[in-house]
Each structure stands twice: as structure tokens, then as C-alpha cells.
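In what follows, a structure is listed as C-alpha cells, so that the remarks can point back to it.
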Amino acid sequence: MSWRRLRILIQHLPPESATWTALRNAMSDDELAAQAGKGEPEKGRWSQLEQLVALVADRLARVEWVLWCVNIEQKSKRPDPPEPIRRPGAKPRKAKAKLNENSANRLFELIQGGAE
């Protein structure tokens with residue numbers, strides 16, 4: 001068996017395997033903190049069970065948000081809807097563009113026929 005083949009086999013083990021657990025246990029606190037800081041769950045491999053758990057968590061967060069919105073005063077500012085858990089292969093959602101004064105003026109000009 002080549003070293004490359006061994007590396008590929010280890011990389012494709014499930015995260016809860018004894019090998020990955022031993023590798024994580026051998027890391028120093030600084031290395032663990034660095035890994036936690038740059039974690040990108042959307043690049044990992046998820047099983048069907050993990051996908052379903054993420055779906056349940058997203059729906060529960062949405063129900064909590066709806067209940068929160070229904071039970072606050074009419075004039076209060078409503079909270080933003082919850083962000084779904086990032087899935088493997090999915091890019092994070094882009095922030096919605098805010099309408100500032102310059103873009104509002106440009107939009108007004110376009111509406112008034114300034115796009116000629």
C-alpha cells in the first residue's frame with residue numbers, strides 16, 4: 001500500500017472513528033483553537049442522519065422565530081429570521097444589500113426615466 005493510498009483512506013474515515021479521535025486528542029490546545037476558528041462545516045462530509053438533524057434544528061429555530069414574532073408588540077422591531085445550519089457543499093448566504101442614499105437616488109433617477 002502506498003503512503004498516498006493510506007492518507008486517502010484515513011481522510012475518508014468518519015469523524016467519530018478511533019483514528020480521528022486519536023488525532024484530535026493528540027492536538028495541543030492552540031491547535032484545537034485554531035481548528036475551531038477556521039471550521040467550515042459546509043466542506044465536511046455529512047451522513048443522512050446529520051442532514052436530518054440539521055433540518056430538524058433549522059425547523060425548530062424557525063418555529064421559535066415565528067412564535068417570537070407573533071408574541072411581540074405590533075410596533076416592536078421584528079427579529080431577523082434564523083440562519084439555517086450550513087450544509088456540506090452549500091455556500092453561506094450573502095447579506096442583503098442595504099439601500100443607502102446614493103443607491104436610493106440612483107433608483108429614483110432610473111424610475112423617472114434616467115436610464116436613457
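Chain lettering (A, B, ...) mirrors the order of the C-alpha cells, residue numbering begins at 1 for each chain separately, and ligand numbering begins at 1 in order of display.
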
Can you pull out the residues contacting range 60-65 of chain A? Cut-off 8 Å, using only C-alpha atoms, and skip same-chain residues under 5 positions away; I want them as a PDB file with all heavy atoms, in the first residue's frame.
ATOM      1  N   PRO A  79     -37.408  40.480  14.920  1.00  0.00           N
ATOM      2  CA  PRO A  79     -36.041  39.950  14.763  1.00  0.00           C
ATOM      3  C   PRO A  79     -35.852  39.357  13.364  1.00  0.00           C
ATOM      4  O   PRO A  79     -36.817  38.976  12.698  1.00  0.00           O
ATOM      5  CB  PRO A  79     -35.954  38.865  15.833  1.00  0.00           C
ATOM      6  CG  PRO A  79     -37.363  38.470  16.099  1.00  0.00           C
ATOM      7  CD  PRO A  79     -38.204  39.698  15.851  1.00  0.00           C
ATOM      8  N   PRO A  81     -34.989  36.553  10.626  1.00  0.00           N
ATOM      9  CA  PRO A  81     -35.208  35.096  10.663  1.00  0.00           C
ATOM     10  C   PRO A  81     -33.894  34.371  10.908  1.00  0.00           C
ATOM     11  O   PRO A  81     -32.820  34.881  10.571  1.00  0.00           O
ATOM     12  CB  PRO A  81     -35.773  34.777   9.280  1.00  0.00           C
ATOM     13  CG  PRO A  81     -35.478  35.946   8.430  1.00  0.00           C
ATOM     14  CD  PRO A  81     -35.303  37.128   9.333  1.00  0.00           C
ATOM     15  N   PRO A  82     -33.954  33.183  11.493  1.00  0.00           N
ATOM     16  CA  PRO A  82     -32.718  32.461  11.812  1.00  0.00           C
ATOM     17  C   PRO A  82     -32.009  31.977  10.552  1.00  0.00           C
ATOM     18  O   PRO A  82     -32.646  31.639   9.551  1.00  0.00           O
ATOM     19  CB  PRO A  82     -33.208  31.283  12.653  1.00  0.00           C
ATOM     20  CG  PRO A  82     -34.622  31.081  12.246  1.00  0.00           C
ATOM     21  CD  PRO A  82     -35.154  32.434  11.890  1.00  0.00           C
TER      22      PRO A  82
END

Pick out the residues sitting within 10 Å of Gln11 in chain A, and hand them over as a list in words; count only C-alpha atoms, and ignore anything fewer than 6 positions along from it in its own chain.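 Contacts, in chain order: Arg5, Thr19 and Trp20 of chain A.
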
Let's have the selection written as an mmCIF file, in the first residue's frame, with C-alpha atoms.
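Contents of selection11.cif, as written:
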data_model
loop_
_atom_site.group_PDB
_atom_site.id
_atom_site.type_symbol
_atom_site.label_atom_id
_atom_site.label_comp_id
_atom_site.auth_asym_id
_atom_site.auth_seq_id
_atom_site.Cartn_x
_atom_site.Cartn_y
_atom_site.Cartn_z
ATOM 1 C CA ARG A 5 -3.455 5.413 -0.506
ATOM 2 C CA THR A 19 -8.202 7.232 14.282
ATOM 3 C CA TRP A 20 -9.654 10.760 14.025
#

Tell me, as an mmCIF file with C-alpha atoms, in the first residue's frame, which residues lie within 8 Å of range 51-55 of chain A, counting only C-alpha atoms; anything in the same chain fewer than 5 positions away does not count.
data_model
loop_
_atom_site.group_PDB
_atom_site.id
_atom_site.type_symbol
_atom_site.label_atom_id
_atom_site.label_comp_id
_atom_site.auth_asym_id
_atom_site.auth_seq_id
_atom_site.Cartn_x
_atom_site.Cartn_y
_atom_site.Cartn_z
ATOM 1 C CA TRP A 46 -22.289 14.580 6.474
ATOM 2 C CA ILE A 85 -27.125 25.496 9.578
ATOM 3 C CA ARG A 87 -24.663 22.185 4.838
#

Just the number, please: distance in Å from CA of Ala57 in chain A to CA of Ala97 in chain A, one decimal.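 Atom-to-atom, CA of Ala57 in chain A and CA of Ala97 in chain A are spaced 27.1 Å apart.
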
For CA of Ala34 in chain A and CA of Ala22 in chain A, quote the distance in Å rounded to one decimal.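 So the two atoms, CA of Ala34 in chain A and CA of Ala22 in chain A, lie 17.7 Å apart.
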
If I take CA of Arg24 in chain A and CA of Glu83 in chain A, how far is one from the other in Å, to one decimal?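 Spanning CA of Arg24 in chain A to CA of Glu83 in chain A is a straight-line distance of 28.7 Å.
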